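*Asks:* Provided herewith: model.cif, mmCIF, C-alpha atoms.
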```cif
data_start
#
loop_
_atom_site.label_atom_id
_atom_site.label_comp_id
_atom_site.auth_asym_id
_atom_site.auth_seq_id
_atom_site.Cartn_x
_atom_site.Cartn_y
_atom_site.Cartn_z
CA ASN P 1 -1.81 -51.97 142.88
CA GLY P 2 -4.40 -52.88 145.52
CA VAL P 3 -2.51 -55.85 146.86
CA ASP P 4 -0.31 -54.47 149.62
CA GLU P 5 -2.86 -54.34 152.41
CA GLU P 6 -4.11 -57.89 151.96
CA CYS P 7 -0.67 -59.38 151.27
CA SER P 8 1.36 -57.35 153.70
CA SER P 9 2.84 -60.22 155.67
CA GLN P 10 5.94 -61.66 154.07
CA LEU P 11 8.02 -64.81 154.33
CA GLY P 12 10.75 -64.47 156.89
CA ALA P 13 11.90 -68.06 157.36
CA SER P 14 12.80 -68.42 153.67
CA GLY P 15 15.68 -65.98 153.87
CA ASP P 16 13.39 -62.97 153.61
CA THR P 17 12.60 -63.41 149.92
CA GLY P 18 9.85 -60.80 149.99
CA ILE P 19 7.26 -63.24 148.61
CA PRO P 20 3.93 -61.85 149.82
CA ARG P 21 1.36 -64.03 151.56
CA ILE P 22 -2.39 -63.75 151.55
CA ARG P 23 -4.64 -64.83 154.42
CA LEU P 24 -7.17 -67.52 153.56
CA HIS P 25 -10.66 -68.03 154.90
CA ALA P 26 -10.40 -70.93 157.35
CA VAL P 27 -12.36 -72.16 160.34
CA ALA P 28 -11.20 -73.84 163.51
CA ASN P 29 -14.25 -75.92 164.41
CA LYS P 30 -17.85 -76.88 163.64
CA GLN P 31 -19.04 -73.70 165.33
CA GLY P 32 -17.38 -71.76 162.52
CA ASP P 33 -14.88 -69.87 164.66
CA LYS P 34 -12.42 -68.30 162.23
CA ARG P 35 -8.70 -68.92 162.37
CA ASP P 36 -6.34 -66.22 161.17
CA ASP P 37 -3.14 -68.25 160.88
CA VAL P 38 -3.60 -69.79 157.42
CA GLU P 39 -1.49 -67.65 155.09
CA MET P 40 -0.67 -68.73 151.56
CA PRO P 41 2.45 -67.51 149.73
CA LEU P 42 1.51 -65.83 146.44
CA LEU P 43 4.15 -67.91 144.66
CA GLY P 44 4.23 -71.69 144.65
CA LEU P 45 5.87 -74.43 142.64
CA GLY P 46 3.44 -76.09 140.25
CA THR P 47 4.03 -79.81 139.71
CA TYR P 48 1.73 -80.67 136.77
CA LYS P 49 3.32 -82.79 134.03
CA PHE P 50 6.56 -83.76 135.71
CA LYS P 51 7.90 -86.97 134.23
CA LYS P 52 6.58 -90.12 135.85
CA ASP P 53 9.08 -92.05 138.01
CA ALA P 54 11.96 -89.86 136.81
CA GLY P 55 12.70 -88.09 140.09
CA GLU P 56 11.87 -84.73 138.49
CA ALA P 57 9.28 -83.75 141.08
CA SER P 58 11.55 -84.61 144.01
CA ARG P 59 14.46 -82.65 142.58
CA ALA P 60 12.27 -79.68 141.67
CA VAL P 61 10.79 -79.46 145.17
CA LEU P 62 14.22 -79.47 146.81
CA ASP P 63 15.51 -76.88 144.33
CA ALA P 64 12.44 -74.71 144.96
CA LEU P 65 13.05 -74.81 148.70
CA SER P 66 16.69 -73.82 148.14
CA VAL P 67 15.62 -70.53 146.47
CA GLY P 68 13.08 -69.68 149.15
CA ILE P 69 9.84 -71.10 147.74
CA ARG P 70 7.75 -72.61 150.53
CA HIS P 71 4.49 -73.34 148.69
CA ILE P 72 4.14 -76.60 146.75
CA ASP P 73 1.05 -77.28 144.60
CA THR P 74 0.24 -80.82 143.49
CA ALA P 75 -2.70 -83.15 142.91
CA PHE P 76 -3.69 -86.76 143.57
CA VAL P 77 -3.76 -87.61 139.87
CA TYR P 78 -0.54 -85.97 138.62
CA ALA P 79 1.87 -88.23 136.68
CA GLY P 80 -0.32 -91.27 137.06
CA GLU P 81 -0.57 -90.72 140.82
CA LYS P 82 3.22 -90.66 141.22
CA THR P 83 3.97 -86.97 141.86
CA GLU P 84 2.63 -86.88 145.43
CA ILE P 85 4.87 -89.84 146.29
CA GLU P 86 7.95 -88.05 144.94
CA ILE P 87 7.08 -84.87 146.82
CA GLY P 88 6.60 -86.82 150.04
CA ASN P 89 9.98 -88.48 149.56
CA ALA P 90 11.66 -85.12 148.94
CA LEU P 91 10.14 -83.44 151.97
CA SER P 92 11.05 -86.35 154.26
CA SER P 93 14.61 -86.65 152.93
CA ALA P 94 17.74 -85.56 154.78
CA GLU P 95 18.26 -82.93 152.08
CA CYS P 96 15.10 -81.10 153.16
CA THR P 97 15.92 -78.92 156.15
CA VAL P 98 12.73 -76.84 156.08
CA PRO P 99 10.34 -77.73 158.93
CA ARG P 100 6.82 -78.79 157.98
CA SER P 101 5.37 -75.78 159.79
CA GLU P 102 7.09 -73.45 157.28
CA LEU P 103 5.72 -75.27 154.23
CA PHE P 104 2.40 -74.67 152.49
CA LEU P 105 1.20 -77.86 150.80
CA THR P 106 -1.74 -77.90 148.40
CA THR P 107 -3.18 -81.04 146.85
CA LYS P 108 -6.42 -81.85 145.07
CA GLN P 109 -9.13 -84.47 145.30
CA TRP P 110 -9.64 -86.27 141.98
CA ARG P 111 -13.04 -86.48 140.29
CA ALA P 112 -13.07 -90.30 140.30
CA TYR P 113 -13.38 -89.89 144.10
CA HIS P 114 -16.42 -87.58 144.15
CA GLY P 115 -18.75 -88.37 147.06
CA TYR P 116 -18.35 -88.43 150.84
CA ASP P 117 -16.57 -91.72 151.57
CA ALA P 118 -14.55 -91.67 148.36
CA THR P 119 -13.24 -88.17 149.08
CA LEU P 120 -12.01 -89.17 152.52
CA LYS P 121 -10.31 -92.20 150.97
CA CYS P 122 -8.64 -89.94 148.39
CA LEU P 123 -7.46 -87.52 151.08
CA ASN P 124 -6.05 -90.29 153.26
CA LEU P 125 -4.12 -91.67 150.29
CA SER P 126 -2.69 -88.19 149.60
CA LEU P 127 -1.66 -87.77 153.23
CA LYS P 128 0.10 -91.13 153.12
CA ARG P 129 1.90 -90.35 149.85
CA LEU P 130 2.94 -86.89 150.98
CA GLN P 131 4.07 -88.33 154.34
CA THR P 132 2.28 -85.63 156.32
CA ASP P 133 -0.46 -85.44 158.94
CA TYR P 134 -2.26 -82.52 157.34
CA ILE P 135 -2.73 -80.59 154.09
CA ASP P 136 -2.60 -76.80 154.22
CA LEU P 137 -5.07 -76.43 151.35
CA TYR P 138 -7.21 -79.22 149.91
CA LEU P 139 -9.10 -78.53 146.69
CA ILE P 140 -11.83 -80.19 144.64
CA HIS P 141 -9.85 -80.56 141.42
CA TRP P 142 -12.73 -80.58 138.91
CA PRO P 143 -16.47 -79.95 139.28
CA GLY P 144 -17.45 -82.40 136.54
CA PRO P 145 -17.87 -86.16 136.36
CA ALA P 146 -15.39 -88.96 136.04
CA TYR P 147 -15.81 -90.80 132.75
CA ASN P 148 -16.27 -94.54 132.26
CA THR P 149 -13.98 -94.57 129.21
CA MET P 150 -11.28 -92.51 127.53
CA ALA P 151 -12.61 -93.64 124.12
CA ARG P 152 -15.31 -90.99 123.84
CA SER P 153 -16.95 -90.43 120.46
CA LYS P 154 -17.75 -86.86 119.43
CA ASP P 155 -20.69 -88.13 117.34
CA VAL P 156 -22.17 -90.07 120.27
CA ILE P 157 -21.82 -87.01 122.50
CA GLU P 158 -23.52 -84.74 119.96
CA GLN P 159 -26.41 -87.17 119.49
CA SER P 160 -26.98 -87.88 123.19
CA PRO P 161 -29.49 -85.73 125.11
CA ASP P 162 -27.01 -85.90 128.01
CA GLY P 163 -24.10 -84.64 125.92
CA PRO P 164 -20.72 -85.63 127.44
CA PHE P 165 -22.52 -86.94 130.52
CA CYS P 166 -23.49 -90.00 128.44
CA TYR P 167 -19.99 -91.22 129.29
CA ALA P 168 -20.19 -90.33 132.98
CA LYS P 169 -19.23 -92.92 135.56
CA ASP P 170 -22.18 -94.49 137.44
CA GLY P 171 -23.56 -92.00 139.94
CA HIS P 172 -21.86 -89.07 138.17
CA GLY P 173 -24.72 -88.30 135.76
CA LYS P 174 -26.05 -84.89 134.85
CA ASN P 175 -28.74 -85.07 137.53
CA ASN P 176 -26.36 -86.34 140.23
CA ILE P 177 -23.21 -84.25 139.89
CA LYS P 178 -24.37 -81.23 141.90
CA ALA P 179 -25.35 -83.39 144.91
CA LEU P 180 -22.16 -85.41 144.51
CA ARG P 181 -20.04 -82.24 144.75
CA ALA P 182 -21.97 -81.27 147.87
CA ASP P 183 -21.11 -84.65 149.42
CA THR P 184 -17.48 -84.18 148.43
CA TRP P 185 -17.42 -80.78 150.13
CA ARG P 186 -19.09 -82.20 153.25
CA ALA P 187 -16.27 -84.75 153.54
CA MET P 188 -13.69 -81.99 153.15
CA GLU P 189 -15.42 -79.93 155.84
CA ASP P 190 -15.25 -82.90 158.21
CA ALA P 191 -11.57 -83.30 157.32
CA VAL P 192 -11.06 -79.70 158.47
CA PHE P 193 -12.84 -80.42 161.75
CA GLU P 194 -10.61 -83.48 162.23
CA GLY P 195 -7.43 -81.47 161.62
CA LYS P 196 -6.49 -83.15 158.35
CA CYS P 197 -6.82 -79.92 156.33
CA ARG P 198 -6.18 -76.35 157.44
CA ALA P 199 -8.24 -74.84 154.63
CA ILE P 200 -10.38 -76.15 151.78
CA GLY P 201 -11.22 -74.78 148.37
CA VAL P 202 -12.06 -75.61 144.78
CA SER P 203 -10.50 -75.60 141.34
CA ASN P 204 -12.08 -74.93 137.94
CA PHE P 205 -15.36 -73.80 139.51
CA THR P 206 -17.59 -71.32 137.72
CA ILE P 207 -19.88 -68.87 139.49
CA ARG P 208 -22.73 -71.35 138.93
CA HIS P 209 -20.76 -74.14 140.65
CA LEU P 210 -19.84 -71.88 143.55
CA GLU P 211 -23.44 -70.79 144.04
CA ALA P 212 -24.57 -74.42 144.02
CA LEU P 213 -21.96 -75.30 146.64
CA ARG P 214 -23.06 -72.38 148.79
CA GLU P 215 -26.56 -73.89 149.16
CA THR P 216 -25.36 -76.70 151.42
CA ALA P 217 -21.89 -75.63 152.61
CA ARG P 218 -21.10 -75.41 156.31
CA ILE P 219 -17.72 -73.84 155.51
CA TRP P 220 -18.27 -70.91 153.18
CA PRO P 221 -16.62 -69.35 151.29
CA PRO P 222 -14.08 -71.78 149.86
CA ALA P 223 -10.61 -70.45 150.71
CA VAL P 224 -9.43 -70.57 147.09
CA ASN P 225 -10.66 -71.09 143.54
CA GLN P 226 -7.75 -72.27 141.37
CA VAL P 227 -8.50 -71.56 137.71
CA GLU P 228 -6.83 -71.03 134.37
CA LEU P 229 -6.04 -67.31 134.31
CA HIS P 230 -3.71 -65.18 132.17
CA PRO P 231 -3.99 -62.01 130.04
CA TYR P 232 -5.69 -63.91 127.19
CA ASN P 233 -8.33 -65.15 129.65
CA PRO P 234 -8.45 -62.90 132.75
CA GLN P 235 -11.75 -64.36 134.02
CA THR P 236 -13.01 -60.87 134.89
CA GLU P 237 -16.53 -61.81 136.01
CA LEU P 238 -15.36 -64.82 138.05
CA VAL P 239 -12.60 -62.79 139.70
CA ALA P 240 -15.11 -60.08 140.69
CA TYR P 241 -17.41 -62.72 142.20
CA CYS P 242 -14.55 -64.30 144.15
CA ARG P 243 -13.41 -60.93 145.49
CA THR P 244 -16.95 -60.12 146.64
CA HIS P 245 -17.17 -63.40 148.55
CA GLY P 246 -13.65 -63.47 150.00
CA ILE P 247 -12.36 -66.29 147.78
CA VAL P 248 -8.68 -66.03 146.83
CA VAL P 249 -8.09 -66.62 143.13
CA GLU P 250 -5.17 -68.87 142.26
CA ALA P 251 -3.97 -68.81 138.65
CA TYR P 252 -2.65 -71.79 136.78
CA ALA P 253 -1.26 -71.58 133.23
CA SER P 254 -0.04 -68.06 134.07
CA LEU P 255 2.56 -68.33 131.31
CA GLY P 256 0.18 -69.95 128.82
CA GLY P 257 0.02 -73.56 130.00
CA GLN P 258 1.53 -76.75 128.61
CA ASP P 259 -1.40 -78.23 126.70
CA SER P 260 -1.89 -75.93 123.69
CA GLY P 261 -0.62 -76.39 120.16
CA LYS P 262 0.42 -74.17 117.26
CA LYS P 263 -3.15 -73.81 115.98
CA THR P 264 -4.32 -72.28 119.25
CA TRP P 265 -1.40 -69.89 119.45
CA LYS P 266 -1.98 -68.80 115.86
CA THR P 267 -5.63 -68.02 116.64
CA LEU P 268 -4.65 -65.98 119.70
CA GLY P 269 -1.80 -64.11 118.03
CA GLY P 270 1.09 -66.13 119.40
CA PRO P 271 2.33 -67.29 122.82
CA LEU P 272 1.88 -64.72 125.58
CA SER P 273 5.61 -64.38 126.19
CA GLN P 274 6.11 -63.29 122.56
CA ARG P 275 3.41 -60.64 122.42
CA ALA P 276 4.74 -57.10 121.88
CA GLN P 277 2.98 -55.73 124.98
CA VAL P 278 4.67 -58.30 127.23
CA VAL P 279 8.08 -58.00 125.57
CA ASP P 280 8.06 -54.18 125.73
CA ILE P 281 7.13 -54.12 129.42
CA ALA P 282 9.83 -56.71 130.16
CA LYS P 283 12.44 -54.48 128.48
CA LYS P 284 11.18 -51.45 130.42
CA TYR P 285 11.93 -53.14 133.77
CA ASN P 286 14.86 -55.30 132.64
CA LYS P 287 12.79 -58.40 133.42
CA SER P 288 11.84 -61.48 131.40
CA PRO P 289 8.41 -61.85 129.73
CA SER P 290 7.64 -64.67 132.20
CA GLN P 291 8.36 -62.37 135.13
CA VAL P 292 5.99 -59.76 133.71
CA LEU P 293 3.20 -62.33 133.31
CA LEU P 294 3.63 -63.57 136.89
CA ARG P 295 3.66 -60.04 138.28
CA TRP P 296 0.54 -59.18 136.26
CA ALA P 297 -1.26 -61.83 138.32
CA THR P 298 0.21 -61.17 141.76
CA ASP P 299 -0.28 -57.40 141.45
CA GLN P 300 -4.00 -58.25 141.31
CA GLY P 301 -3.75 -60.40 144.43
CA HIS P 302 -3.80 -63.72 142.57
CA VAL P 303 -1.62 -66.66 143.62
CA VAL P 304 0.63 -68.15 140.91
CA ILE P 305 2.13 -71.65 140.67
CA PRO P 306 4.52 -71.80 137.69
CA LYS P 307 6.13 -75.17 137.04
CA SER P 308 9.90 -75.31 136.64
CA THR P 309 12.73 -77.82 136.83
CA ASN P 310 15.36 -75.09 136.52
CA PRO P 311 16.65 -73.47 139.75
CA LYS P 312 17.62 -70.33 137.80
CA HIS P 313 14.04 -69.94 136.55
CA MET P 314 12.70 -70.64 140.04
CA LYS P 315 14.84 -67.80 141.41
CA GLU P 316 13.55 -65.53 138.63
CA ASN P 317 9.99 -66.47 139.62
CA VAL P 318 10.74 -65.44 143.21
CA GLU P 319 12.21 -62.14 141.98
CA ALA P 320 9.14 -61.56 139.79
CA VAL P 321 6.71 -61.46 142.71
CA SER P 322 9.02 -60.22 145.48
CA PHE P 323 8.40 -56.87 147.11
CA ILE P 324 12.15 -56.76 147.76
CA ASP P 325 13.49 -57.54 144.27
CA TRP P 326 10.76 -55.66 142.37
CA LYS P 327 9.19 -53.33 144.88
CA ALA P 328 6.83 -51.26 142.73
CA GLY P 329 5.66 -53.92 140.29
CA LEU P 330 3.69 -52.97 137.19
CA ASP P 331 2.17 -49.53 136.80
CA GLU P 332 -1.31 -48.59 135.64
CA ASN P 333 -0.18 -48.09 132.06
CA ASP P 334 1.39 -51.58 131.99
CA MET P 335 -1.85 -53.13 133.20
CA THR P 336 -3.81 -51.24 130.54
CA LEU P 337 -1.48 -52.53 127.82
CA LEU P 338 -1.77 -56.12 129.06
CA ALA P 339 -5.57 -55.78 129.22
CA GLU P 340 -5.49 -55.37 125.43
CA LEU P 341 -4.57 -59.05 125.19
CA ASP P 342 -7.92 -60.18 126.62
CA GLN P 343 -9.45 -62.62 124.13
CA SER P 344 -12.08 -64.13 126.40
CA GLN P 345 -15.01 -62.66 124.48
CA LEU P 346 -13.55 -63.35 121.04
CA ASN P 347 -12.23 -66.90 120.91
CA ILE P 348 -14.13 -69.05 123.38
CA ASP P 349 -12.57 -72.30 122.14
CA ALA P 350 -9.08 -71.00 121.55
CA VAL P 351 -8.80 -69.10 124.82
CA ARG P 352 -9.16 -72.27 126.90
CA LEU P 353 -5.55 -73.41 126.99
CA CYS P 354 -5.99 -76.30 129.45
CA TRP P 355 -8.25 -79.36 129.78
CA ILE P 356 -8.48 -79.20 126.00
CA ARG P 357 -9.36 -82.89 125.57
CA ASP P 358 -12.22 -82.83 128.07
CA PRO P 359 -15.62 -82.43 126.35
CA LEU P 360 -16.74 -80.39 129.36
CA LYS P 361 -13.71 -78.08 129.27
CA HIS P 362 -15.97 -75.00 129.07
CA LEU P 363 -17.64 -76.01 132.35
CA ASP P 364 -21.11 -75.29 130.98
CA PHE P 365 -23.03 -77.66 133.25
CA GLU P 366 -24.82 -77.55 136.57
#
```
I'd like the structure from this file rewritten - as structure tokens, please.
*Replies:*
Amino acid sequence: NGVDEECSSQLGASGDTGIPRIRLHAVANKQGDKRDDVEMPLLGLGTYKFKKDAGEASRAVLDALSVGIRHIDTAFVYAGEKTEIEIGNALSSAECTVPRSELFLTTKQWRAYHGYDATLKCLNLSLKRLQTDYIDLYLIHWPGPAYNTMARSKDVIEQSPDGPFCYAKDGHGKNNIKALRADTWRAMEDAVFEGKCRAIGVSNFTIRHLEALRETARIWPPAVNQVELHPYNPQTELVAYCRTHGIVVEAYASLGGQDSGKKTWKTLGGPLSQRAQVVDIAKKYNKSPSQVLLRWATDQGHVVIPKSTNPKHMKENVEAVSFIDWKAGLDENDMTLLAELDQSQLNIDAVRLCWIRDPLKHLDFE
């Protein structure tokens, strides 16, 4: 399946779960000397949309560790800025017996903190909340602007020459955002040189955004681009670009995401887990539809971060990507069948399952 060579090293300290790892592009210093010790497990626990102040994130992290998951993905802004705190509390609790060196922690800089000084402030807050001295992977969460209001009028946007940027926060305008992202990246580079991040990357970046970043970057390529990716929207062109430049693709919404409604699913032909192709392949291997969707991604070398609060489902997620529990993975015929679900050219609005309330959800800006 083309993944074995790159992802050959496996987790040993987690009870030999067989979760493959992939080596990330990372540098050791300003001279650009490469480091080869930053390896990211292909399976992580996603923590988007855990209940605020309910202890869900803390419990989920500890349960994930108990089944051998060592990669935790979060973000500064999740659950009203509460999720990082819960994760930090879980990892520093007596119940957590996994040393920090065996964990892979990802968090993301929020768009309200675009710019050099603001990014460093955001990072330092995340470090404090997570109760750690360093982040394994720090990502720019969103390439677009922060808004000055949540009460955005569709009519105003359509009539404005700046489109959605008419609601951009001061300094985040259409003509500023590219330079602002460059300043954000410069701060993240300096954080690497100071030892606060082992690797840095981006999320929701298009090829255009990556090319813009490349113009001024000292650390290039970004280690990771975390994007919405699933059989309905396989991001073929973006994936090809990332492979060419040595950027690992990390998929969110692998199972279809949490933000879409019945209208979207009707347009696409139903939830992914209910599609005949997925169900038939699941029966063939005696796996669940969710396991098939996760393996579809990892067999292509993509990292996956499904959210779960259920230890049984977490264990199934491990078994889905494990070279021990499911050695061969999907075959060529399976991948051809799942490719039939690609809707990216047909339903541009429907196929975007996440960020659905953001007027810039299609990322069609500089």
*Asks:* Go through P:Val351, P:Ala240, P:Val278, P:Ala328 and flag the residue nearest Trp265 (chain P), using all atoms listed in the file for the distances.
*Replies:*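 Using all atoms listed in the file, the shortest distance to Trp265 (chain P) belongs to P:Val351.
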*Asks:* What's the 12 Å shell around Glu56 (chain P), counting all atoms listed in the file, without same-chain residues fewer than 2 positions away, as a list in words?
*Replies:*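 With the cut-off at 12 Å, the set is Thr47, Tyr48, Lys49, Phe50, Lys51, Lys52, Asp53, Ala54, Ser58, Arg59, Ala60, Val61, Leu62, Asp63, Ala64, Ala79, Lys82, Thr83, Glu84, Ile85, Glu86, Ile87, Asn89, Ala90, Lys307, Ser308, Thr309 and Asn310 of chain P.
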*Asks:* Report the closest atom pair, with its distance in Å rounded to one decimal, for each residue of region 177-226 of chain P that has an atom no farther than 10 Å from region 33-38 of chain P; count only C-alpha atoms, sort by chain and then rising residue number, and write it as CSV.
*Replies:*
```
residue,atom,partner,partner_atom,distance
P:Arg198,CA,P:Val38,CA,7.0
P:Ala199,CA,P:Val38,CA,7.4
P:Ala223,CA,P:Val38,CA,9.7
```
*Asks:* List the spatial neighbours of Val318 (chain P) as a PyMOL selection string - criterion: any atom at most 8 Å away, only C-alpha atoms, same-chain residues fewer than 2 positions off excluded.
*Replies:* chain P and resi 17+19+43+67-69+314-316+320-322
*Asks:* Ranking P:His230, P:Arg357, P:Lys174, P:His209 by minimum distance to Leu272 (chain P) and counting only C-alpha atoms, which one comes first?
*Replies:*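 Of P:His230, P:Arg357, P:Lys174, P:His209, the one nearest Leu272 (chain P) is P:His230, counting only C-alpha atoms.
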*Asks:* Need to verify the contact set: region 105-120 of chain P, 9 Å, only C-alpha atoms, exclusion of same-chain residues closer than 2 positions in sequence. Can you return it as a PyMOL selection string?
*Replies:* chain P and resi 70-77+84+103+122-126+134-147+169+172+177+179-188+191+202-203
*Asks:* Print the selection's residues with C-alpha atoms to a file, as a compact mmCIF listing (two decimals), in the coordinates of the input.
*Replies:*
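Below is the file that was written, again.txt:
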```txt
# COMPACT_ATOMS: atom_id res chain seq x y z
CA ARG P 70 7.75 -72.61 150.53
CA HIS P 71 4.49 -73.34 148.69
CA ILE P 72 4.14 -76.60 146.75
CA ASP P 73 1.05 -77.28 144.60
CA THR P 74 0.24 -80.82 143.49
CA ALA P 75 -2.70 -83.15 142.91
CA PHE P 76 -3.69 -86.76 143.57
CA VAL P 77 -3.76 -87.61 139.87
CA GLU P 84 2.63 -86.88 145.43
CA LEU P 103 5.72 -75.27 154.23
CA CYS P 122 -8.64 -89.94 148.39
CA LEU P 123 -7.46 -87.52 151.08
CA ASN P 124 -6.05 -90.29 153.26
CA LEU P 125 -4.12 -91.67 150.29
CA SER P 126 -2.69 -88.19 149.60
CA TYR P 134 -2.26 -82.52 157.34
CA ILE P 135 -2.73 -80.59 154.09
CA ASP P 136 -2.60 -76.80 154.22
CA LEU P 137 -5.07 -76.43 151.35
CA TYR P 138 -7.21 -79.22 149.91
CA LEU P 139 -9.10 -78.53 146.69
CA ILE P 140 -11.83 -80.19 144.64
CA HIS P 141 -9.85 -80.56 141.42
CA TRP P 142 -12.73 -80.58 138.91
CA PRO P 143 -16.47 -79.95 139.28
CA GLY P 144 -17.45 -82.40 136.54
CA PRO P 145 -17.87 -86.16 136.36
CA ALA P 146 -15.39 -88.96 136.04
CA TYR P 147 -15.81 -90.80 132.75
CA LYS P 169 -19.23 -92.92 135.56
CA HIS P 172 -21.86 -89.07 138.17
CA ILE P 177 -23.21 -84.25 139.89
CA ALA P 179 -25.35 -83.39 144.91
CA LEU P 180 -22.16 -85.41 144.51
CA ARG P 181 -20.04 -82.24 144.75
CA ALA P 182 -21.97 -81.27 147.87
CA ASP P 183 -21.11 -84.65 149.42
CA THR P 184 -17.48 -84.18 148.43
CA TRP P 185 -17.42 -80.78 150.13
CA ARG P 186 -19.09 -82.20 153.25
CA ALA P 187 -16.27 -84.75 153.54
CA MET P 188 -13.69 -81.99 153.15
CA ALA P 191 -11.57 -83.30 157.32
CA VAL P 202 -12.06 -75.61 144.78
CA SER P 203 -10.50 -75.60 141.34
```
*Asks:* Within 12 Å of region 279-300 of chain P, which residues of region 36-71 of chain P show up? Give each one with its shortest atom-to-atom distance in Å (one decimal) and the two atoms involved, counting only C-alpha atoms, rows by chain then rising residue number, as CSV.
*Replies:*
```
residue,atom,partner,partner_atom,distance
P:Pro41,CA,P:Thr298,CA,10.4
P:Leu42,CA,P:Thr298,CA,6.7
P:Leu43,CA,P:Thr298,CA,8.3
P:Gly44,CA,P:Leu294,CA,11.2
```
*Asks:* Between CA of Glu228 (chain P) and CA of Val27 (chain P), measure the distance and give it in Å to one decimal.
*Replies:*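 Taking CA of Glu228 (chain P) and CA of Val27 (chain P), their separation equals 26.6 Å.
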*Asks:* Find the distance between CA of Pro234 (chain P) and CA of Ser254 (chain P) and write it in Å to one decimal.
*Replies:* 10.0 Å
*Asks:* Contacts of Lys263 (chain P) at 9 Å or less, counting all atoms listed in the file, minus same-chain residues fewer than 4 places along, as a PyMOL selection string?
*Replies:* chain P and resi 267-268+350
*Asks:* What separation in Å, quoted to one decimal, exists between CA of Asn148 (chain P) and CA of Tyr78 (chain P)?
*Replies:*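 Separation of CA of Asn148 (chain P) and CA of Tyr78 (chain P): 19.0 Å.
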*Asks:* Find, counting only C-alpha atoms, the residue in P:Ala253, P:Ala339, P:Ile219, P:Met150 that gets nearest to Ile305 (chain P).
*Replies:* P:Ala253
*Asks:* For Lys178 (chain P), please output as a list of chain:residue names all residues within 8 Å (counting only C-alpha atoms; exclusion window: fewer than 5 positions along the same chain).
*Replies:*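 Within the cut-off, the hits are P:Ala212, P:Leu213, P:Glu366.
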*Asks:* Using only C-alpha atoms for the distances, tell me which of P:Gly329, P:Glu189, P:Pro164, P:Asp170 is nearest to His362 (chain P).
*Replies:*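 That would be P:Pro164, the residue with the smallest distance to His362 (chain P).
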*Asks:* Selected by the PyMOL selection byres ((chain P and resi 250) around 9) in the shown coordinates: which residues, as an MDAnalysis selection string?
*Replies:* chainID P and resid 42 203 224:229 248:249 251:252 297 301:305
